[in-house]
>>> print(open('data18.txt').read())   # compact mmCIF, C-alpha atoms
# COMPACT_ATOMS: atom_id res chain seq x y z
CA MET A 1 0.00 0.00 0.00
CA GLY A 2 1.41 3.33 -1.02
CA GLY A 3 2.05 6.63 0.05
CA ASN A 4 2.98 9.06 2.63
CA ALA A 5 1.37 11.76 0.56
CA MET A 6 -0.57 13.25 3.43
CA VAL A 7 2.01 12.92 6.20
CA LYS A 8 2.61 16.26 7.81
CA PRO A 9 5.95 17.07 9.43
CA THR A 10 6.28 17.07 13.21
CA ALA A 11 8.36 19.35 15.41
CA LEU A 12 9.84 19.53 18.88
CA VAL A 13 10.25 22.89 20.62
CA VAL A 14 13.06 22.97 23.18
CA ASP A 15 12.99 26.18 25.23
CA ASP A 16 13.09 27.04 28.93
CA ASN A 17 10.92 30.14 28.45
CA LYS A 18 7.16 29.45 28.73
CA LEU A 19 6.24 32.39 26.51
CA ASN A 20 8.54 31.17 23.74
CA ARG A 21 7.14 27.65 23.98
CA MET A 22 3.67 29.11 23.60
CA ILE A 23 4.54 31.36 20.66
CA HIS A 24 6.67 28.82 18.79
CA GLY A 25 3.95 26.22 19.31
CA LYS A 26 1.37 28.56 17.83
CA LEU A 27 3.60 29.40 14.86
CA LEU A 28 3.89 25.67 14.17
CA ASP A 29 0.13 25.16 14.65
CA VAL A 30 -0.60 27.88 12.13
CA LEU A 31 1.58 26.05 9.59
CA GLY A 32 -0.22 22.78 10.35
CA ILE A 33 2.80 21.18 12.00
CA LYS A 34 2.03 18.85 14.85
CA ASN A 35 4.31 19.78 17.73
CA ARG A 36 5.20 19.38 21.37
CA ALA A 37 7.46 21.30 23.72
CA VAL A 38 10.00 20.49 26.41
CA GLU A 39 11.85 22.78 28.80
CA ASN A 40 15.50 21.87 28.41
CA GLY A 41 18.05 19.75 26.57
CA GLU A 42 17.78 16.81 28.93
CA GLU A 43 14.03 16.50 28.35
CA ALA A 44 14.69 16.63 24.60
CA ILE A 45 17.04 13.64 24.95
CA GLU A 46 14.51 11.76 27.10
CA VAL A 47 11.74 12.26 24.55
CA HIS A 48 13.95 10.73 21.86
CA LEU A 49 15.04 7.87 24.14
CA SER A 50 11.36 7.04 24.61
CA GLY A 51 11.18 6.45 20.86
CA GLU A 52 9.58 9.63 19.57
CA LYS A 53 10.88 11.07 16.32
CA PHE A 54 10.49 14.50 14.79
CA ASP A 55 11.21 16.13 11.43
CA LEU A 56 12.27 19.41 12.97
CA ILE A 57 13.73 20.44 16.31
CA LEU A 58 13.71 24.11 17.35
CA MET A 59 16.55 24.25 19.86
CA ASP A 60 17.06 27.18 22.22
CA ARG A 61 20.66 27.76 23.25
CA ASP A 62 20.64 28.86 26.89
CA MET A 63 18.69 26.50 29.11
CA PRO A 64 19.20 25.11 32.62
CA VAL A 65 19.99 21.41 33.29
CA MET A 66 21.31 20.85 29.75
CA ASN A 67 21.81 23.63 27.22
CA GLY A 68 21.20 23.56 23.47
CA ILE A 69 24.80 22.97 22.50
CA GLU A 70 25.16 19.86 24.66
CA ALA A 71 21.73 18.58 23.68
CA THR A 72 22.49 18.96 19.97
CA LYS A 73 25.80 17.11 20.33
CA LYS A 74 24.11 14.30 22.25
CA LEU A 75 21.25 13.97 19.75
CA ARG A 76 23.69 13.75 16.84
CA ALA A 77 25.76 11.18 18.75
CA MET A 78 22.55 9.18 19.29
CA GLY A 79 22.12 9.08 15.51
CA ILE A 80 19.33 11.64 15.27
CA LYS A 81 19.60 13.00 11.75
CA CYS A 82 16.55 15.27 11.50
CA MET A 83 16.75 19.00 10.99
CA ILE A 84 17.87 20.84 14.10
CA ALA A 85 17.58 24.62 14.01
CA GLY A 86 19.24 26.68 16.70
CA ILE A 87 17.09 29.56 17.91
CA SER A 88 19.13 32.02 19.93
CA SER A 89 19.57 35.62 20.89
CA HIS A 90 23.12 35.83 19.55
CA SER A 91 23.27 36.69 15.87
CA ILE A 92 26.97 36.50 15.12
CA GLY A 93 30.28 35.57 16.63
CA PRO A 94 31.73 32.71 18.64
CA GLU A 95 28.44 31.82 20.35
CA LYS A 96 26.80 31.17 17.02
CA GLU A 97 29.83 29.23 15.72
CA GLU A 98 29.94 27.04 18.78
CA PHE A 99 26.26 26.25 18.44
CA MET A 100 26.52 25.51 14.70
CA GLU A 101 29.48 23.23 15.30
CA ALA A 102 27.48 21.17 17.78
CA GLY A 103 25.56 19.86 14.78
CA LEU A 104 22.92 22.37 13.75
CA ASP A 105 21.49 22.45 10.23
CA ASP A 106 20.36 26.04 10.51
CA TYR A 107 20.29 28.95 12.86
CA HIS A 108 17.87 31.79 13.49
CA GLU A 109 17.95 34.76 15.75
CA LYS A 110 15.13 35.15 18.25
CA PRO A 111 12.35 35.91 18.09
CA LEU A 112 11.08 33.35 15.62
CA THR A 113 8.68 34.62 12.97
CA VAL A 114 6.40 33.02 10.40
CA ALA A 115 8.91 33.87 7.65
CA LYS A 116 11.86 32.27 9.46
CA LEU A 117 9.83 29.18 10.26
CA LEU A 118 8.64 28.85 6.65
CA SER A 119 12.23 28.99 5.48
CA LEU A 120 13.12 26.16 7.90
CA VAL A 121 10.12 24.04 6.98
CA SER A 122 10.95 24.33 3.29
CA LYS A 123 14.32 22.78 4.01
CA ILE A 124 13.08 19.80 6.01
CA LYS A 125 14.82 16.64 4.88
CA ASN A 126 12.41 14.15 3.36
CA MET B 1 -18.66 56.23 20.19
CA ASP B 2 -19.54 53.85 17.40
CA ALA B 3 -17.46 50.90 16.25
CA LEU B 4 -15.91 52.82 13.35
CA GLN B 5 -14.69 55.70 15.51
CA LEU B 6 -13.34 53.23 18.03
CA LYS B 7 -11.52 51.35 15.28
CA ARG B 8 -9.89 54.56 14.09
CA GLN B 9 -8.87 55.29 17.66
CA LEU B 10 -7.37 51.81 17.94
CA ILE B 11 -5.34 52.26 14.76
CA THR B 12 -4.00 55.65 15.87
CA PHE B 13 -3.18 54.37 19.32
CA THR B 14 -1.42 51.28 17.99
CA GLU B 15 0.62 53.36 15.52
CA LEU B 16 1.66 55.63 18.36
CA LEU B 17 2.85 52.68 20.45
CA PHE B 18 4.99 51.46 17.56
CA ARG B 19 6.33 54.91 16.76
CA GLU B 20 7.35 55.58 20.36
CA GLY B 21 9.13 52.25 20.60
CA PHE B 22 6.87 50.65 23.19
CA LEU B 23 6.10 47.81 20.80
CA ASP B 24 8.01 46.46 17.84
CA GLU B 25 7.40 44.22 14.84
CA GLN B 26 7.26 41.13 17.02
CA PHE B 27 3.94 42.31 18.50
CA HIS B 28 2.63 42.58 14.97
CA GLN B 29 3.68 38.98 14.34
CA LEU B 30 1.68 37.88 17.38
CA GLN B 31 -1.41 39.70 16.14
CA GLN B 32 -1.08 37.87 12.84
CA LEU B 33 -1.06 34.53 14.64
CA GLN B 34 -4.47 35.22 16.13
CA ASP B 35 -7.34 33.57 14.26
CA GLU B 36 -10.87 32.26 14.78
CA LYS B 37 -9.52 29.09 16.40
CA ASN B 38 -7.54 31.14 18.92
CA PRO B 39 -9.32 34.49 19.09
CA ASN B 40 -7.65 35.43 22.37
CA PHE B 41 -4.12 34.44 21.51
CA VAL B 42 -2.55 37.88 21.93
CA VAL B 43 -4.30 38.54 25.25
CA GLU B 44 -3.23 35.09 26.52
CA VAL B 45 0.40 35.60 25.55
CA VAL B 46 0.51 39.11 26.97
CA SER B 47 -1.16 37.97 30.22
CA LEU B 48 1.53 35.35 30.56
CA PHE B 49 4.12 38.05 29.98
CA PHE B 50 2.59 40.15 32.76
CA GLU B 51 2.62 37.21 35.20
CA ASP B 52 6.13 36.21 34.29
CA SER B 53 7.53 39.76 34.45
CA GLU B 54 6.02 40.52 37.82
CA ARG B 55 7.46 37.33 39.24
CA LEU B 56 10.90 38.09 37.78
CA LEU B 57 10.89 41.69 39.01
CA ASN B 58 10.14 40.42 42.53
CA GLU B 59 12.90 37.84 42.29
CA LEU B 60 15.33 40.50 41.09
CA ALA B 61 14.50 42.82 44.00
CA LYS B 62 15.09 39.94 46.44
CA ALA B 63 18.33 38.86 44.79
CA LEU B 64 19.77 42.37 44.78
CA ASP B 65 18.82 42.88 48.42
CA GLN B 66 21.21 40.18 49.60
CA GLN B 67 24.46 40.87 51.49
CA ASN B 68 26.38 38.87 48.91
CA VAL B 69 24.63 39.34 45.62
CA ASP B 70 24.53 36.21 43.46
CA TYR B 71 25.11 37.86 40.08
CA LYS B 72 24.66 34.59 38.24
CA LYS B 73 21.15 34.35 39.62
CA VAL B 74 20.41 37.99 38.83
CA ASP B 75 21.70 37.53 35.29
CA ALA B 76 19.58 34.41 34.81
CA HIS B 77 16.43 36.31 35.80
CA VAL B 78 17.28 39.26 33.53
CA HIS B 79 17.98 36.82 30.69
CA GLN B 80 14.49 35.35 31.12
CA LEU B 81 12.90 38.79 31.15
CA LYS B 82 14.88 39.82 28.09
CA GLY B 83 13.66 36.71 26.29
CA SER B 84 10.03 37.26 27.22
CA SER B 85 9.97 40.96 26.43
CA SER B 86 11.60 40.35 23.06
CA SER B 87 9.07 37.62 22.28
CA ILE B 88 6.11 39.94 22.68
CA GLY B 89 7.79 42.99 21.20
CA ALA B 90 8.14 45.03 24.39
CA GLN B 91 11.16 46.81 22.98
CA ARG B 92 11.92 49.32 25.76
CA VAL B 93 11.84 46.62 28.44
CA GLN B 94 14.15 44.46 26.34
CA ARG B 95 16.64 47.33 25.93
CA VAL B 96 16.91 47.91 29.68
CA CYS B 97 17.56 44.17 30.12
CA ILE B 98 20.56 44.39 27.80
CA VAL B 99 22.11 47.21 29.87
CA PHE B 100 21.23 45.34 33.06
CA ARG B 101 23.16 42.26 31.95
CA ASN B 102 26.27 44.36 31.33
CA TYR B 103 26.12 45.63 34.91
CA CYS B 104 25.71 42.03 36.12
CA ASN B 105 28.83 41.10 34.22
CA GLU B 106 30.72 43.91 35.94
CA LYS B 107 29.19 42.93 39.31
CA ASN B 108 28.11 46.54 39.63
CA VAL B 109 25.34 46.58 42.25
CA GLU B 110 24.58 50.30 41.83
CA GLY B 111 24.14 49.86 38.12
CA CYS B 112 21.95 46.81 38.67
CA LEU B 113 19.71 48.61 41.13
CA LYS B 114 19.35 51.53 38.74
CA CYS B 115 18.37 49.14 35.96
CA LEU B 116 15.86 47.40 38.18
CA GLN B 117 14.16 50.74 38.80
CA GLN B 118 14.14 51.46 35.09
CA LEU B 119 12.73 48.02 34.37
CA LYS B 120 9.89 48.51 36.85
CA HIS B 121 9.16 51.85 35.23
CA GLU B 122 9.21 50.61 31.62
CA TYR B 123 7.23 47.52 32.52
CA ALA B 124 4.52 49.58 34.26
CA ILE B 125 4.20 51.82 31.20
CA VAL B 126 3.98 49.04 28.64
CA LYS B 127 1.49 47.19 30.83
CA THR B 128 -0.76 50.26 30.97
CA LYS B 129 -0.49 50.76 27.21
CA LEU B 130 -1.31 47.12 26.42
CA GLU B 131 -4.24 47.10 28.82
CA ALA B 132 -5.56 50.24 27.12
CA LEU B 133 -5.15 48.52 23.74
CA PHE B 134 -7.11 45.47 24.86
CA SER B 135 -9.77 47.66 26.43
CA LEU B 136 -10.27 49.45 23.11
CA GLU B 137 -10.59 46.10 21.34
CA GLN B 138 -13.22 44.99 23.85
CA GLN B 139 -15.16 48.22 23.32
CA ILE B 140 -15.10 47.67 19.57
CA LEU B 141 -16.49 44.16 20.01
CA ALA B 142 -19.18 45.46 22.35
CA ALA B 143 -20.11 48.16 19.83
CA GLY B 144 -20.66 45.43 17.29
CA GLY B 145 -17.46 46.04 15.36
>>> encode(input="data18.txt", output="structure tokens")
Amino acid sequence: MGGNAMVKPTALVVDDNKLNRMIHGKLLDVLGIKNRAVENGEEAIEVHLSGEKFDLILMDRDMPVMNGIEATKKLRAMGIKCMIAGISSHSIGPEKEEFMEAGLDDYHEKPLTVAKLLSLVSKIKN
Amino acid sequence: MDALQLKRQLITFTELLFREGFLDEQFHQLQQLQDEKNPNFVVEVVSLFFEDSERLLNELAKALDQQNVDYKKVDAHVHQLKGSSSSIGAQRVQRVCIVFRNYCNEKNVEGCLKCLQQLKHEYAIVKTKLEALFSLEQQILAAGG
């Protein structure tokens, strides 16, 4: 039996800020992307260890318990190959480099907008 | 006042808030996310911002009142507030947060206290403005607009 024609992408929001989780979740809802949110890098790892998979991860950089850089490195080491986009308040410089080198596919400065999200979604690996 | 007059008032008021830097493009983005499925999205997000900010301002006052100020803690709170204010487009609040973090870095308690005062001030203003905005919207709805 064929086809994944109607499968919509799914996303995981990783951010310690409740407001951001709410806004990013809504942005994804508006684009028809099923999503869930966790509060830090460690929870992101746990969700994947429990067997859940996503097409897109929106990863905040600065979080307690486990930050975005560590979480990205761990996810890549676990063999997670989906698109991971770093969402951070630093636009240039060593902070961005360090985050990219952890294994990000893309990077956007906060706050996230519809336009930035669309550009990410269009790049989701199939 | 009828719905049309109220609507004009809302447009003028909103433009003023943007022009004076109380709100930036991010607030606009939030308004665009509101739809029939979530007709109260902006109010919900802003209410959360109010709750969050008030909590953080209290925490900041407590943290700066200590004998030995824990600047890491202070910085963490300011970082949260900076994130929240930037997410809803409260530009002036966000700007004070940036200056505040520099003082944290320098462990400058005077500077930090000054910034806290400024934050309380800017927050109070933007809260009043947003509440006025929502009140106008309610009036428009009530007038059948």
>>> interface_residues(input="data18.txt", of="chain A", to="chain B", cutoff="9 Å", atoms="all atoms listed in the file", output="ChimeraX atom specification")
/A:16-20,22-23,26-27,30,89,110-114
>>> axis_aligned_box(input="data18.txt", around="region 55-58 of chain A", padding_each_side="6 Å", output="JSON")
{"center_x": 12.5, "center_y": 20.1, "center_z": 14.4, "size_x": 14.5, "size_y": 20.0, "size_z": 17.9}
>>> residues_around(input="data18.txt", residues="region 58-64 of chain B", least_positions_apart="4", cutoff="7 Å", atoms="all atoms listed in the file", output="tab-separated table (two decimals) with C-alpha atoms, keeping the file's coordinate frame")
chain	number	residue	atom	x	y	z
B	54	GLU	CA	6.02	40.52	37.82
B	69	VAL	CA	24.63	39.34	45.62
B	70	ASP	CA	24.53	36.21	43.46
B	74	VAL	CA	20.41	37.99	38.83
B	77	HIS	CA	16.43	36.31	35.80
>>> atom_distance(input="data18.txt", atom1="CA of Val121 (chain A)", atom2="CA of Asn40 (chain B)")
26.1 Å
>>> atom_distance(input="data18.txt", atom1="CA of Phe13 (chain B)", atom2="CA of Phe50 (chain B)")
20.4 Å
>>> closest_residue(input="data18.txt", among="B:Leu23, B:Leu141, B:Leu113, B:Val78", to="Leu56 (chain B)", atoms="all atoms listed in the file")
B:Val78
>>> atom_distance(input="data18.txt", atom1="CA of Ala71 (chain A)", atom2="CA of Asn40 (chain A)")
8.5 Å
>>> residues_around(input="data18.txt", residues="region 126-139 of chain B", least_positions_apart="2", cutoff="9 Å", atoms="all atoms listed in the file", output="count of residues only")
25
>>> closest_residue(input="data18.txt", among="A:Phe99, A:Gly25, A:Ser119, A:Cys82", to="Asp55 (chain A)", atoms="all atoms listed in the file")
A:Cys82
>>> closest_residue(input="data18.txt", among="A:Arg61, A:Ala102, A:Pro9, A:Glu97", to="Ser122 (chain A)", atoms="only C-alpha atoms")
A:Pro9
>>> closest_residue(input="data18.txt", among="A:Phe54, A:Met59, A:Lys8, A:Gly41", to="Ile87 (chain A)", atoms="all atoms listed in the file")
A:Met59
>>> decode(input="data18.txt", residues="region 69-87 of chain B", atoms="N, CA and C atoms", output="PDB file, in the first residue's frame")
ATOM      1  N   VAL B  69      25.485  39.513  46.786  1.00  0.00           N
ATOM      2  CA  VAL B  69      24.627  39.337  45.622  1.00  0.00           C
ATOM      3  C   VAL B  69      25.124  38.197  44.742  1.00  0.00           C
ATOM      4  N   ASP B  70      24.206  37.301  44.379  1.00  0.00           N
ATOM      5  CA  ASP B  70      24.528  36.208  43.461  1.00  0.00           C
ATOM      6  C   ASP B  70      24.245  36.717  42.049  1.00  0.00           C
ATOM      7  N   TYR B  71      25.298  37.235  41.389  1.00  0.00           N
ATOM      8  CA  TYR B  71      25.109  37.861  40.082  1.00  0.00           C
ATOM      9  C   TYR B  71      24.691  36.867  39.005  1.00  0.00           C
ATOM     10  N   LYS B  72      25.061  35.613  39.215  1.00  0.00           N
ATOM     11  CA  LYS B  72      24.665  34.589  38.235  1.00  0.00           C
ATOM     12  C   LYS B  72      23.144  34.454  38.234  1.00  0.00           C
ATOM     13  N   LYS B  73      22.603  34.473  39.462  1.00  0.00           N
ATOM     14  CA  LYS B  73      21.152  34.346  39.624  1.00  0.00           C
ATOM     15  C   LYS B  73      20.451  35.561  39.019  1.00  0.00           C
ATOM     16  N   VAL B  74      20.995  36.742  39.350  1.00  0.00           N
ATOM     17  CA  VAL B  74      20.412  37.986  38.835  1.00  0.00           C
ATOM     18  C   VAL B  74      20.417  37.954  37.312  1.00  0.00           C
ATOM     19  N   ASP B  75      21.563  37.574  36.739  1.00  0.00           N
ATOM     20  CA  ASP B  75      21.700  37.528  35.291  1.00  0.00           C
ATOM     21  C   ASP B  75      20.715  36.547  34.669  1.00  0.00           C
ATOM     22  N   ALA B  76      20.517  35.413  35.330  1.00  0.00           N
ATOM     23  CA  ALA B  76      19.577  34.412  34.815  1.00  0.00           C
ATOM     24  C   ALA B  76      18.154  34.971  34.745  1.00  0.00           C
ATOM     25  N   HIS B  77      17.772  35.703  35.791  1.00  0.00           N
ATOM     26  CA  HIS B  77      16.428  36.312  35.805  1.00  0.00           C
ATOM     27  C   HIS B  77      16.289  37.354  34.698  1.00  0.00           C
ATOM     28  N   VAL B  78      17.332  38.210  34.546  1.00  0.00           N
ATOM     29  CA  VAL B  78      17.276  39.258  33.527  1.00  0.00           C
ATOM     30  C   VAL B  78      17.229  38.625  32.136  1.00  0.00           C
ATOM     31  N   HIS B  79      17.967  37.542  31.964  1.00  0.00           N
ATOM     32  CA  HIS B  79      17.980  36.823  30.691  1.00  0.00           C
ATOM     33  C   HIS B  79      16.576  36.340  30.338  1.00  0.00           C
ATOM     34  N   GLN B  80      15.870  35.800  31.334  1.00  0.00           N
ATOM     35  CA  GLN B  80      14.491  35.346  31.125  1.00  0.00           C
ATOM     36  C   GLN B  80      13.592  36.512  30.713  1.00  0.00           C
ATOM     37  N   LEU B  81      13.742  37.621  31.429  1.00  0.00           N
ATOM     38  CA  LEU B  81      12.901  38.785  31.150  1.00  0.00           C
ATOM     39  C   LEU B  81      13.213  39.350  29.771  1.00  0.00           C
ATOM     40  N   LYS B  82      14.472  39.337  29.410  1.00  0.00           N
ATOM     41  CA  LYS B  82      14.883  39.820  28.091  1.00  0.00           C
ATOM     42  C   LYS B  82      14.238  38.955  27.014  1.00  0.00           C
ATOM     43  N   GLY B  83      14.267  37.644  27.229  1.00  0.00           N
ATOM     44  CA  GLY B  83      13.659  36.708  26.287  1.00  0.00           C
ATOM     45  C   GLY B  83      12.160  36.939  26.141  1.00  0.00           C
ATOM     46  N   SER B  84      11.478  37.063  27.258  1.00  0.00           N
ATOM     47  CA  SER B  84      10.026  37.258  27.225  1.00  0.00           C
ATOM     48  C   SER B  84       9.651  38.570  26.568  1.00  0.00           C
ATOM     49  N   SER B  85      10.332  39.648  26.964  1.00  0.00           N
ATOM     50  CA  SER B  85       9.965  40.960  26.425  1.00  0.00           C
ATOM     51  C   SER B  85      10.239  41.012  24.922  1.00  0.00           C
ATOM     52  N   SER B  86      11.303  40.362  24.495  1.00  0.00           N
ATOM     53  CA  SER B  86      11.599  40.353  23.062  1.00  0.00           C
ATOM     54  C   SER B  86      10.570  39.516  22.308  1.00  0.00           C
ATOM     55  N   SER B  87      10.070  38.474  22.931  1.00  0.00           N
ATOM     56  CA  SER B  87       9.070  37.618  22.281  1.00  0.00           C
ATOM     57  C   SER B  87       7.738  38.298  22.065  1.00  0.00           C
TER      58      SER B  87
END
